[in-house]
>>> print(open('work09.cif').read())   # mmCIF, C-alpha atoms
data_entry
#
loop_
_atom_site.group_PDB
_atom_site.id
_atom_site.type_symbol
_atom_site.label_atom_id
_atom_site.label_comp_id
_atom_site.auth_asym_id
_atom_site.auth_seq_id
_atom_site.Cartn_x
_atom_site.Cartn_y
_atom_site.Cartn_z
ATOM 1 C CA MET A 1 0.000 0.000 0.000
ATOM 2 C CA THR A 2 2.808 2.422 0.905
ATOM 3 C CA GLY A 3 4.465 1.835 -2.465
ATOM 4 C CA VAL A 4 1.299 2.666 -4.335
ATOM 5 C CA VAL A 5 0.769 5.850 -2.306
ATOM 6 C CA ASN A 6 4.361 6.948 -2.916
ATOM 7 C CA GLN A 7 3.938 6.347 -6.628
ATOM 8 C CA CYS A 8 0.802 8.511 -6.598
ATOM 9 C CA SER A 9 2.835 11.523 -5.522
ATOM 10 C CA GLN A 10 5.186 11.176 -8.482
ATOM 11 C CA GLY A 11 4.774 12.688 -11.924
ATOM 12 C CA ASN A 12 3.052 9.636 -13.412
ATOM 13 C CA GLY A 13 0.575 9.396 -10.547
ATOM 14 C CA PRO A 14 -2.713 11.225 -9.975
ATOM 15 C CA ASN A 15 -1.006 14.270 -8.432
ATOM 16 C CA GLY A 16 1.194 14.709 -11.472
ATOM 17 C CA GLN A 17 -1.749 14.189 -13.809
ATOM 18 C CA HIS A 18 -3.795 16.754 -11.884
ATOM 19 C CA THR A 19 -0.985 19.287 -12.140
ATOM 20 C CA ALA A 20 -0.656 18.693 -15.889
ATOM 21 C CA TRP A 21 -4.421 19.130 -16.319
ATOM 22 C CA LEU A 22 -4.297 22.461 -14.527
ATOM 23 C CA GLN A 23 -1.229 23.673 -16.387
ATOM 24 C CA LYS A 24 -3.076 23.404 -19.687
ATOM 25 C CA LEU A 25 -4.726 26.637 -18.558
ATOM 26 C CA GLY A 26 -1.368 28.392 -18.111
ATOM 27 C CA LYS A 27 1.835 27.211 -16.474
ATOM 28 C CA ASP A 28 2.940 30.525 -14.972
ATOM 29 C CA LEU A 29 -0.351 31.504 -13.357
ATOM 30 C CA PRO A 30 -0.776 31.791 -9.576
ATOM 31 C CA LEU A 31 -2.187 28.556 -8.171
ATOM 32 C CA ALA A 32 -5.453 30.099 -6.971
ATOM 33 C CA LYS A 33 -6.121 31.606 -10.402
ATOM 34 C CA MET A 34 -5.268 28.324 -12.097
ATOM 35 C CA TYR A 35 -7.879 26.535 -9.992
ATOM 36 C CA GLY A 36 -10.387 29.332 -10.591
ATOM 37 C CA LEU A 37 -9.924 29.004 -14.342
ATOM 38 C CA MET A 38 -10.387 25.253 -13.998
ATOM 39 C CA TYR A 39 -13.837 25.910 -12.494
ATOM 40 C CA GLN A 40 -14.565 28.365 -15.296
ATOM 41 C CA LYS A 41 -13.110 26.613 -18.339
ATOM 42 C CA TYR A 42 -13.650 22.904 -17.665
ATOM 43 C CA ASN A 43 -17.222 21.639 -17.728
ATOM 44 C CA LYS A 44 -18.740 18.903 -15.582
ATOM 45 C CA THR A 45 -17.996 16.139 -18.094
ATOM 46 C CA GLU A 46 -14.314 17.071 -18.275
ATOM 47 C CA ALA A 47 -13.958 17.308 -14.481
ATOM 48 C CA ILE A 48 -15.572 13.898 -13.944
ATOM 49 C CA ARG A 49 -13.526 12.260 -16.708
ATOM 50 C CA GLU A 50 -10.290 13.562 -15.170
ATOM 51 C CA LEU A 51 -11.272 12.355 -11.698
ATOM 52 C CA ARG A 52 -12.058 8.867 -13.031
ATOM 53 C CA LEU A 53 -8.711 8.701 -14.816
ATOM 54 C CA LYS A 54 -6.895 9.544 -11.577
ATOM 55 C CA GLU A 55 -8.982 7.120 -9.526
ATOM 56 C CA ASN A 56 -8.188 4.368 -12.025
ATOM 57 C CA LYS A 57 -4.451 4.822 -11.427
ATOM 58 C CA ILE A 58 -4.994 3.379 -7.948
ATOM 59 C CA PRO A 59 -6.302 -0.139 -7.204
ATOM 60 C CA TRP A 60 -10.009 0.226 -6.518
ATOM 61 C CA ASP A 61 -9.692 -1.850 -3.332
ATOM 62 C CA LEU A 62 -6.468 -0.351 -1.929
ATOM 63 C CA PHE A 63 -8.065 0.728 1.354
ATOM 64 C CA ARG A 64 -10.081 -2.481 1.534
ATOM 65 C CA ARG A 65 -6.893 -4.525 1.057
ATOM 66 C CA ALA A 66 -5.242 -2.671 3.914
ATOM 67 C CA PHE A 67 -8.067 -3.785 6.192
ATOM 68 C CA HIS A 68 -7.714 -7.353 4.946
ATOM 69 C CA ASP A 69 -4.018 -7.221 5.807
ATOM 70 C CA ILE A 70 -4.637 -6.262 9.435
ATOM 71 C CA SER A 71 -7.475 -8.773 9.888
ATOM 72 C CA THR A 72 -6.845 -12.207 11.368
ATOM 73 C CA SER A 73 -10.029 -13.719 9.901
ATOM 74 C CA PRO A 74 -13.067 -12.837 7.746
ATOM 75 C CA GLU A 75 -14.997 -12.139 10.937
ATOM 76 C CA ALA A 76 -12.300 -9.738 12.124
ATOM 77 C CA PHE A 77 -12.392 -7.940 8.768
ATOM 78 C CA HIS A 78 -16.154 -7.522 9.109
ATOM 79 C CA VAL A 79 -15.827 -6.098 12.620
ATOM 80 C CA LEU A 80 -12.993 -3.756 11.671
ATOM 81 C CA ARG A 81 -14.731 -2.295 8.647
ATOM 82 C CA CYS A 82 -18.039 -1.890 10.522
ATOM 83 C CA THR A 83 -16.222 -0.019 13.289
ATOM 84 C CA LEU A 84 -14.518 2.153 10.691
ATOM 85 C CA ALA A 85 -17.826 2.889 8.959
ATOM 86 C CA VAL A 86 -19.639 3.835 12.151
ATOM 87 C CA SER A 87 -16.805 5.976 13.537
ATOM 88 C CA HIS A 88 -16.179 7.752 10.235
ATOM 89 C CA ALA A 89 -19.890 8.453 9.745
ATOM 90 C CA LEU A 90 -20.157 9.867 13.253
ATOM 91 C CA VAL A 91 -16.995 11.953 12.883
ATOM 92 C CA SER A 92 -18.186 13.264 9.514
ATOM 93 C CA ILE A 93 -21.538 14.494 10.855
ATOM 94 C CA CYS A 94 -19.990 16.114 13.923
ATOM 95 C CA GLN A 95 -17.288 17.775 11.853
ATOM 96 C CA TYR A 96 -19.887 19.013 9.371
ATOM 97 C CA ILE A 97 -21.915 20.654 12.132
ATOM 98 C CA LEU A 98 -18.778 22.382 13.419
ATOM 99 C CA GLY A 99 -17.595 23.256 9.907
ATOM 100 C CA ILE A 100 -14.306 21.353 10.218
ATOM 101 C CA GLY A 101 -12.468 21.441 6.896
ATOM 102 C CA ASP A 102 -9.079 20.508 5.460
ATOM 103 C CA ARG A 103 -9.896 16.785 5.763
ATOM 104 C CA HIS A 104 -6.935 15.483 3.774
ATOM 105 C CA LEU A 105 -5.442 12.048 4.426
ATOM 106 C CA SER A 106 -3.030 13.197 7.137
ATOM 107 C CA ASN A 107 -5.877 14.504 9.275
ATOM 108 C CA PHE A 108 -7.329 11.082 10.039
ATOM 109 C CA MET A 109 -5.977 8.386 12.323
ATOM 110 C CA ILE A 110 -7.132 4.757 12.452
ATOM 111 C CA ASN A 111 -6.715 2.405 15.374
ATOM 112 C CA LEU A 112 -5.297 -0.728 13.702
ATOM 113 C CA LYS A 113 -6.606 -2.951 16.492
ATOM 114 C CA THR A 114 -10.221 -1.792 16.478
ATOM 115 C CA GLY A 115 -10.668 -0.044 13.114
ATOM 116 C CA GLN A 116 -11.908 3.103 14.832
ATOM 117 C CA MET A 117 -11.231 6.377 13.048
ATOM 118 C CA ILE A 118 -10.662 9.767 14.650
ATOM 119 C CA GLY A 119 -10.052 13.176 13.148
ATOM 120 C CA ILE A 120 -7.160 15.442 14.099
ATOM 121 C CA ASP A 121 -6.011 19.005 13.302
ATOM 122 C CA PHE A 122 -8.987 21.332 13.559
ATOM 123 C CA GLY A 123 -7.195 24.412 12.278
ATOM 124 C CA HIS A 124 -10.015 25.065 9.809
ATOM 125 C CA ALA A 125 -13.308 25.165 11.682
ATOM 126 C CA PHE A 126 -16.697 26.840 11.363
ATOM 127 C CA GLY A 127 -16.493 27.000 7.574
ATOM 128 C CA SER A 128 -13.131 28.745 7.320
ATOM 129 C CA ALA A 129 -11.872 26.235 4.719
ATOM 130 C CA THR A 130 -14.703 27.348 2.437
ATOM 131 C CA GLN A 131 -14.647 31.000 3.367
ATOM 132 C CA PHE A 132 -10.938 31.837 3.615
ATOM 133 C CA LEU A 133 -8.839 29.299 1.693
ATOM 134 C CA LEU A 134 -7.743 30.676 -1.677
ATOM 135 C CA ILE A 135 -8.930 27.389 -3.192
ATOM 136 C CA PRO A 136 -12.202 26.947 -1.303
ATOM 137 C CA GLU A 137 -13.422 23.549 -0.134
ATOM 138 C CA LEU A 138 -16.912 22.725 -1.366
ATOM 139 C CA MET A 139 -17.415 19.252 0.165
ATOM 140 C CA PRO A 140 -18.886 18.849 3.667
ATOM 141 C CA PHE A 141 -16.650 15.930 4.669
ATOM 142 C CA ARG A 142 -14.409 13.227 3.206
ATOM 143 C CA LEU A 143 -16.259 10.361 1.538
ATOM 144 C CA THR A 144 -14.068 9.355 -1.382
ATOM 145 C CA LYS A 145 -14.288 6.251 -3.553
ATOM 146 C CA GLN A 146 -11.709 4.317 -1.491
ATOM 147 C CA LEU A 147 -13.785 4.838 1.659
ATOM 148 C CA ARG A 148 -16.983 3.859 -0.112
ATOM 149 C CA ASN A 149 -15.416 0.757 -1.672
ATOM 150 C CA LEU A 150 -14.460 -0.524 1.765
ATOM 151 C CA MET A 151 -18.195 -0.898 2.430
ATOM 152 C CA LEU A 152 -19.085 -2.762 -0.762
ATOM 153 C CA PRO A 153 -21.550 -3.923 -1.917
ATOM 154 C CA LEU A 154 -23.739 -1.304 -0.194
ATOM 155 C CA GLN A 155 -21.105 1.453 -0.028
ATOM 156 C CA VAL A 156 -22.704 4.396 1.841
ATOM 157 C CA LYS A 157 -26.186 2.883 1.580
ATOM 158 C CA GLY A 158 -26.416 0.891 4.754
ATOM 159 C CA LEU A 159 -24.385 1.166 7.928
ATOM 160 C CA MET A 160 -22.637 4.412 7.073
ATOM 161 C CA GLU A 161 -25.769 6.288 5.998
ATOM 162 C CA SER A 162 -27.894 4.966 8.872
ATOM 163 C CA THR A 163 -25.223 6.032 11.382
ATOM 164 C CA MET A 164 -25.196 9.519 9.897
ATOM 165 C CA VAL A 165 -28.976 9.686 10.183
ATOM 166 C CA HIS A 166 -28.977 8.579 13.829
ATOM 167 C CA ALA A 167 -26.125 10.949 14.736
ATOM 168 C CA LEU A 168 -27.680 13.950 13.017
ATOM 169 C CA ARG A 169 -31.090 13.218 14.521
ATOM 170 C CA ALA A 170 -29.583 13.148 18.017
ATOM 171 C CA LEU A 171 -27.807 16.454 17.427
ATOM 172 C CA ARG A 172 -30.901 18.106 15.953
ATOM 173 C CA GLU A 173 -33.186 16.958 18.759
ATOM 174 C CA ASP A 174 -31.017 18.620 21.425
ATOM 175 C CA TYR A 175 -29.575 21.461 19.380
ATOM 176 C CA ASP A 176 -30.341 24.073 22.061
ATOM 177 C CA LEU A 177 -27.899 22.354 24.401
ATOM 178 C CA LEU A 178 -25.195 22.322 21.746
ATOM 179 C CA LEU A 179 -25.717 25.991 20.876
ATOM 180 C CA ALA A 180 -25.639 26.925 24.559
ATOM 181 C CA THR A 181 -22.200 25.342 24.961
ATOM 182 C CA MET A 182 -20.969 27.394 22.003
ATOM 183 C CA ASP A 183 -21.803 30.630 23.812
ATOM 184 C CA ILE A 184 -18.211 30.614 25.070
ATOM 185 C CA PHE A 185 -17.085 31.536 21.540
ATOM 186 C CA VAL A 186 -19.251 34.651 21.692
ATOM 187 C CA LYS A 187 -18.034 35.735 25.120
ATOM 188 C CA GLU A 188 -14.379 34.829 24.587
ATOM 189 C CA PRO A 189 -13.537 34.667 20.855
ATOM 190 C CA SER A 190 -10.177 33.120 20.036
ATOM 191 C CA VAL A 191 -7.317 34.997 18.417
ATOM 192 C CA ASP A 192 -7.984 33.142 15.146
ATOM 193 C CA TRP A 193 -11.567 34.393 15.156
ATOM 194 C CA LEU A 194 -10.382 37.978 15.633
ATOM 195 C CA VAL A 195 -8.110 37.587 12.605
ATOM 196 C CA ASN A 196 -10.849 35.944 10.527
ATOM 197 C CA ALA A 197 -13.313 38.668 11.458
ATOM 198 C CA GLU A 198 -10.939 41.294 10.088
ATOM 199 C CA LYS A 199 -10.505 39.221 6.905
ATOM 200 C CA GLN A 200 -14.275 39.111 6.447
ATOM 201 C CA ILE A 201 -14.613 42.862 6.959
ATOM 202 C CA GLN A 202 -11.984 43.423 4.260
ATOM 203 C CA SER A 203 -13.539 40.832 1.938
ATOM 204 C CA LEU A 204 -17.012 42.368 2.108
ATOM 205 C CA ASN A 205 -15.804 46.000 2.082
ATOM 206 C CA LEU A 206 -17.671 46.655 5.321
ATOM 207 C CA GLY A 207 -15.222 49.330 6.406
ATOM 208 C CA ASP A 208 -16.386 51.160 9.511
ATOM 209 C CA SER A 209 -19.914 49.762 9.382
ATOM 210 C CA LEU A 210 -18.821 47.170 11.961
ATOM 211 C CA GLU A 211 -16.651 47.865 14.975
ATOM 212 C CA VAL A 212 -13.735 45.456 15.007
ATOM 213 C CA GLU A 213 -13.459 46.066 18.763
ATOM 214 C CA ASN A 214 -16.982 44.722 19.284
ATOM 215 C CA ILE A 215 -16.071 41.379 17.812
ATOM 216 C CA THR A 216 -19.130 39.475 19.077
ATOM 217 C CA TRP A 217 -20.831 39.826 15.685
ATOM 218 C CA TYR A 218 -18.397 37.333 14.123
ATOM 219 C CA PRO A 219 -18.847 34.400 16.552
ATOM 220 C CA LYS A 220 -22.598 35.075 16.582
ATOM 221 C CA GLU A 221 -22.553 34.699 12.797
ATOM 222 C CA LYS A 222 -20.687 31.394 13.046
ATOM 223 C CA VAL A 223 -23.038 30.060 15.709
ATOM 224 C CA HIS A 224 -25.946 31.061 13.450
ATOM 225 C CA TYR A 225 -24.507 28.894 10.653
ATOM 226 C CA VAL A 226 -24.369 25.959 13.075
ATOM 227 C CA LYS A 227 -28.002 26.620 13.959
ATOM 228 C CA ARG A 228 -28.956 26.593 10.268
ATOM 229 C CA LYS A 229 -27.406 23.146 9.961
ATOM 230 C CA LEU A 230 -29.167 21.888 13.076
ATOM 231 C CA LYS A 231 -32.491 23.247 11.818
ATOM 232 C CA GLY A 232 -32.237 21.135 8.663
ATOM 233 C CA GLU A 233 -31.126 23.557 5.954
ATOM 234 C CA ASN A 234 -29.883 22.182 2.649
ATOM 235 C CA PRO A 235 -26.051 22.007 2.976
ATOM 236 C CA SER A 236 -25.392 23.331 -0.526
ATOM 237 C CA TYR A 237 -27.058 26.652 0.367
ATOM 238 C CA ILE A 238 -24.913 26.956 3.476
ATOM 239 C CA THR A 239 -21.741 26.272 1.487
ATOM 240 C CA ARG A 240 -22.843 28.873 -1.077
ATOM 241 C CA ASP A 241 -23.354 31.515 1.598
ATOM 242 C CA GLU A 242 -19.962 30.748 3.185
ATOM 243 C CA LEU A 243 -18.389 31.223 -0.235
ATOM 244 C CA ARG A 244 -20.055 34.619 -0.566
ATOM 245 C CA LEU A 245 -18.722 35.722 2.807
ATOM 246 C CA GLY A 246 -15.102 35.088 1.838
ATOM 247 C CA HIS A 247 -14.972 35.284 -1.956
ATOM 248 C CA SER A 248 -17.235 38.199 -2.854
ATOM 249 C CA LYS A 249 -14.319 39.808 -4.744
ATOM 250 C CA ASN A 250 -13.291 36.567 -6.447
ATOM 251 C CA ASP A 251 -13.809 36.617 -10.224
ATOM 252 C CA PHE A 252 -14.726 32.916 -10.094
ATOM 253 C CA LEU A 253 -17.375 33.090 -7.350
ATOM 254 C CA ARG A 254 -20.225 32.318 -9.754
ATOM 255 C CA ASN A 255 -18.375 29.262 -11.030
ATOM 256 C CA PHE A 256 -17.824 28.007 -7.471
ATOM 257 C CA GLU A 257 -21.504 28.534 -6.704
ATOM 258 C CA SER A 258 -22.655 26.754 -9.834
ATOM 259 C CA VAL A 259 -20.660 23.640 -8.974
ATOM 260 C CA VAL A 260 -21.653 23.549 -5.304
ATOM 261 C CA MET A 261 -25.384 23.981 -5.970
ATOM 262 C CA GLY A 262 -25.393 21.026 -8.364
ATOM 263 C CA GLU A 263 -27.571 20.304 -11.366
ATOM 264 C CA ARG A 264 -31.142 19.089 -11.709
ATOM 265 C CA ASP A 265 -30.227 15.405 -11.468
ATOM 266 C CA ASP A 266 -28.288 15.923 -8.215
ATOM 267 C CA THR A 267 -30.104 15.015 -4.999
ATOM 268 C CA ARG A 268 -29.240 18.267 -3.229
ATOM 269 C CA ALA A 269 -30.564 20.326 -6.142
ATOM 270 C CA GLN A 270 -33.911 18.543 -6.005
ATOM 271 C CA LEU A 271 -34.435 19.328 -2.319
ATOM 272 C CA PRO A 272 -35.760 22.640 -0.914
ATOM 273 C CA GLN A 273 -33.534 25.059 0.954
ATOM 274 C CA ASP A 274 -35.136 24.777 4.380
ATOM 275 C CA SER A 275 -36.770 22.350 6.787
ATOM 276 C CA LEU A 276 -35.291 19.122 5.447
ATOM 277 C CA SER A 277 -35.966 15.897 7.280
ATOM 278 C CA VAL A 278 -32.931 14.250 8.835
ATOM 279 C CA GLU A 279 -32.954 11.621 6.071
ATOM 280 C CA ASP A 280 -33.094 14.256 3.311
ATOM 281 C CA GLN A 281 -30.379 16.335 4.936
ATOM 282 C CA VAL A 282 -28.069 13.313 5.112
ATOM 283 C CA ALA A 283 -28.904 12.440 1.498
ATOM 284 C CA ALA A 284 -27.966 15.978 0.443
ATOM 285 C CA LEU A 285 -24.723 15.830 2.439
ATOM 286 C CA ILE A 286 -23.713 12.501 0.896
ATOM 287 C CA ASP A 287 -24.609 13.791 -2.561
ATOM 288 C CA GLN A 288 -22.416 16.866 -2.098
ATOM 289 C CA ALA A 289 -19.553 14.905 -0.512
ATOM 290 C CA THR A 290 -19.458 12.332 -3.320
ATOM 291 C CA ASP A 291 -20.212 14.606 -6.292
ATOM 292 C CA PRO A 292 -17.450 13.894 -8.841
ATOM 293 C CA ASN A 293 -17.877 17.381 -10.283
ATOM 294 C CA ILE A 294 -16.774 18.764 -6.909
ATOM 295 C CA LEU A 295 -14.151 16.127 -6.114
ATOM 296 C CA GLY A 296 -12.645 16.453 -9.583
ATOM 297 C CA ARG A 297 -11.795 20.094 -8.853
ATOM 298 C CA VAL A 298 -10.390 19.756 -5.342
ATOM 299 C CA TYR A 299 -6.934 21.027 -4.402
ATOM 300 C CA ALA A 300 -4.411 18.296 -5.245
ATOM 301 C CA GLY A 301 -3.120 18.029 -1.668
ATOM 302 C CA TRP A 302 -6.562 16.833 -0.545
ATOM 303 C CA GLU A 303 -6.164 13.809 -2.873
ATOM 304 C CA PRO A 304 -9.829 13.110 -3.700
ATOM 305 C CA TRP A 305 -8.808 10.047 -5.709
ATOM 306 C CA MET A 306 -7.648 8.294 -2.520
#
>>> encode(input="work09.cif", output="structure tokens")
Amino acid sequence: MTGVVNQCSQGNGPNGQHTAWLQKLGKDLPLAKMYGLMYQKYNKTEAIRELRLKENKIPWDLFRRAFHDISTSPEAFHVLRCTLAVSHALVSICQYILGIGDRHLSNFMINLKTGQMIGIDFGHAFGSATQFLLIPELMPFRLTKQLRNLMLPLQVKGLMESTMVHALRALREDYDLLLATMDIFVKEPSVDWLVNAEKQIQSLNLGDSLEVENITWYPKEKVHYVKRKLKGENPSYITRDELRLGHSKNDFLRNFESVVMGERDDTRAQLPQDSLSVEDQVAALIDQATDPNILGRVYAGWEPWM
């Protein structure tokens, strides 16, 4: 497995292929502009085709094989992968509610004895990976093909989806308690939040219309986004609004929005903006997290083909 991963980082692997695909738009361009042009110039068909080509450079069952290797029997494999599915589903829903981004491969750890997964490195929280990264993240959590193939034949339909539904239902039923615990962010905002608040003021050209000294408006805004999630709002609309907060001056904002909102045949595009059932909200989240038109455009370091 290690050999395959190392090969992927070389020029003939998916990373190298992704770089070559981007450089067709201009080799000497700043990286953020190169990605923006990719959203603008490449259509959905091209983005999906490129993602499939990169995925096909890696054995479809690479992650599944790794679990076979650490299993002492078929029964152990079943237990390990079920534990992985449940823990990853639970982590994904909790991290979505808190807006945890930057979920690349190095930000997950797996207990090789139990199969349990945990997330680490919460440097991008409360939507900052969508709002402030020069190459914004448009997926709510990591649910790539390798993760889904571990759970074949059902993939996300089954244990993973049902766990997400149960977890989200529990969070939504007692959302007042969760919001109350977040009041600490309003009363004592962190240094990062002070910096991000100033970035947002500059991004939206708010000038003196908001007092930077009275910083409570920024954490209140972030808590409000959490409340929108817990009230059952369609996740694509929330991602769109986070994009607008941080990329209002970006020439490619409309292209970002178009991709994140999806097309008529996408589940999230068929659902209303507000008052989704728990099942519909999870369906929209999975649809957005697995959309190849989004994953095909992700920053290379996130490695959506893995």
>>> atom_distance(input="work09.cif", atom1="atom CA of A:His18", atom2="atom CA of A:Arg65")
25.1 Å
>>> closest_atom_pairs(input="work09.cif", of="stretch 154-191 of chain A", to="stretch 256-279 of chain A", cutoff="10 Å", atoms="all atoms listed in the file", output="JSON lines")
{"residue": "A:Glu161", "atom": "CA", "partner": "A:Glu279", "partner_atom": "CA", "distance": 8.9}
{"residue": "A:Ser162", "atom": "CA", "partner": "A:Glu279", "partner_atom": "CA", "distance": 8.8}
{"residue": "A:Met164", "atom": "CA", "partner": "A:Glu279", "partner_atom": "CA", "distance": 8.9}
{"residue": "A:Val165", "atom": "CA", "partner": "A:Glu279", "partner_atom": "CA", "distance": 6.0}
{"residue": "A:His166", "atom": "CA", "partner": "A:Val278", "partner_atom": "CA", "distance": 8.5}
{"residue": "A:Ala167", "atom": "CA", "partner": "A:Val278", "partner_atom": "CA", "distance": 9.6}
{"residue": "A:Leu168", "atom": "CA", "partner": "A:Val278", "partner_atom": "CA", "distance": 6.7}
{"residue": "A:Arg169", "atom": "CA", "partner": "A:Val278", "partner_atom": "CA", "distance": 6.1}
{"residue": "A:Ala170", "atom": "CA", "partner": "A:Val278", "partner_atom": "CA", "distance": 9.8}
{"residue": "A:Arg172", "atom": "CA", "partner": "A:Val278", "partner_atom": "CA", "distance": 8.3}
>>> closest_residue(input="work09.cif", among="A:Ser236, A:Asn111, A:Phe126, A:Trp305", to="A:Glu221", atoms="all atoms listed in the file")
A:Phe126
>>> atom_distance(input="work09.cif", atom1="atom CA of A:Leu134", atom2="atom CA of A:Thr216")
25.3 Å
>>> resolve_selection(input="work09.cif", expression="the PyMOL selection byres ((chain A and resi 249) around 12)", output="ChimeraX atom specification")
/A:131,134,200,202-205,243-248,250-254
>>> build_atoms(input="work09.cif", residues="stretch 106-118 of chain A", atoms="N, CA, C and O atoms", output="mmCIF file, in the coordinates of the input")
data_model
loop_
_atom_site.group_PDB
_atom_site.id
_atom_site.type_symbol
_atom_site.label_atom_id
_atom_site.label_comp_id
_atom_site.auth_asym_id
_atom_site.auth_seq_id
_atom_site.Cartn_x
_atom_site.Cartn_y
_atom_site.Cartn_z
ATOM 1 N N SER A 106 -3.847 13.124 5.921
ATOM 2 C CA SER A 106 -3.030 13.197 7.137
ATOM 3 C C SER A 106 -3.820 13.644 8.357
ATOM 4 O O SER A 106 -3.288 13.638 9.467
ATOM 5 N N ASN A 107 -5.070 14.025 8.151
ATOM 6 C CA ASN A 107 -5.877 14.504 9.275
ATOM 7 C C ASN A 107 -6.857 13.456 9.796
ATOM 8 O O ASN A 107 -7.856 13.785 10.441
ATOM 9 N N PHE A 108 -6.568 12.197 9.480
ATOM 10 C CA PHE A 108 -7.329 11.082 10.039
ATOM 11 C C PHE A 108 -6.353 10.066 10.624
ATOM 12 O O PHE A 108 -5.288 9.828 10.070
ATOM 13 N N MET A 109 -6.760 9.469 11.722
ATOM 14 C CA MET A 109 -5.977 8.386 12.323
ATOM 15 C C MET A 109 -6.895 7.189 12.547
ATOM 16 O O MET A 109 -8.069 7.356 12.898
ATOM 17 N N ILE A 110 -6.357 5.987 12.297
ATOM 18 C CA ILE A 110 -7.132 4.757 12.452
ATOM 19 C C ILE A 110 -6.438 3.851 13.464
ATOM 20 O O ILE A 110 -5.235 3.609 13.360
ATOM 21 N N ASN A 111 -7.214 3.386 14.420
ATOM 22 C CA ASN A 111 -6.715 2.405 15.374
ATOM 23 C C ASN A 111 -6.655 1.049 14.671
ATOM 24 O O ASN A 111 -7.686 0.483 14.311
ATOM 25 N N LEU A 112 -5.463 0.513 14.466
ATOM 26 C CA LEU A 112 -5.297 -0.728 13.702
ATOM 27 C C LEU A 112 -5.806 -1.959 14.441
ATOM 28 O O LEU A 112 -5.969 -3.018 13.832
ATOM 29 N N LYS A 113 -6.075 -1.824 15.729
ATOM 30 C CA LYS A 113 -6.606 -2.951 16.492
ATOM 31 C C LYS A 113 -8.127 -3.004 16.458
ATOM 32 O O LYS A 113 -8.719 -4.084 16.477
ATOM 33 N N THR A 114 -8.756 -1.838 16.420
ATOM 34 C CA THR A 114 -10.221 -1.792 16.478
ATOM 35 C C THR A 114 -10.867 -1.318 15.184
ATOM 36 O O THR A 114 -12.050 -1.557 14.955
ATOM 37 N N GLY A 115 -10.103 -0.610 14.331
ATOM 38 C CA GLY A 115 -10.668 -0.044 13.114
ATOM 39 C C GLY A 115 -11.307 1.317 13.322
ATOM 40 O O GLY A 115 -11.822 1.916 12.377
ATOM 41 N N GLN A 116 -11.262 1.822 14.545
ATOM 42 C CA GLN A 116 -11.908 3.103 14.832
ATOM 43 C C GLN A 116 -11.121 4.260 14.241
ATOM 44 O O GLN A 116 -9.894 4.294 14.293
ATOM 45 N N MET A 117 -11.852 5.211 13.656
ATOM 46 C CA MET A 117 -11.231 6.377 13.048
ATOM 47 C C MET A 117 -11.490 7.613 13.895
ATOM 48 O O MET A 117 -12.589 7.791 14.437
ATOM 49 N N ILE A 118 -10.486 8.473 14.007
ATOM 50 C CA ILE A 118 -10.662 9.767 14.650
ATOM 51 C C ILE A 118 -10.084 10.845 13.750
ATOM 52 O O ILE A 118 -9.211 10.580 12.919
#
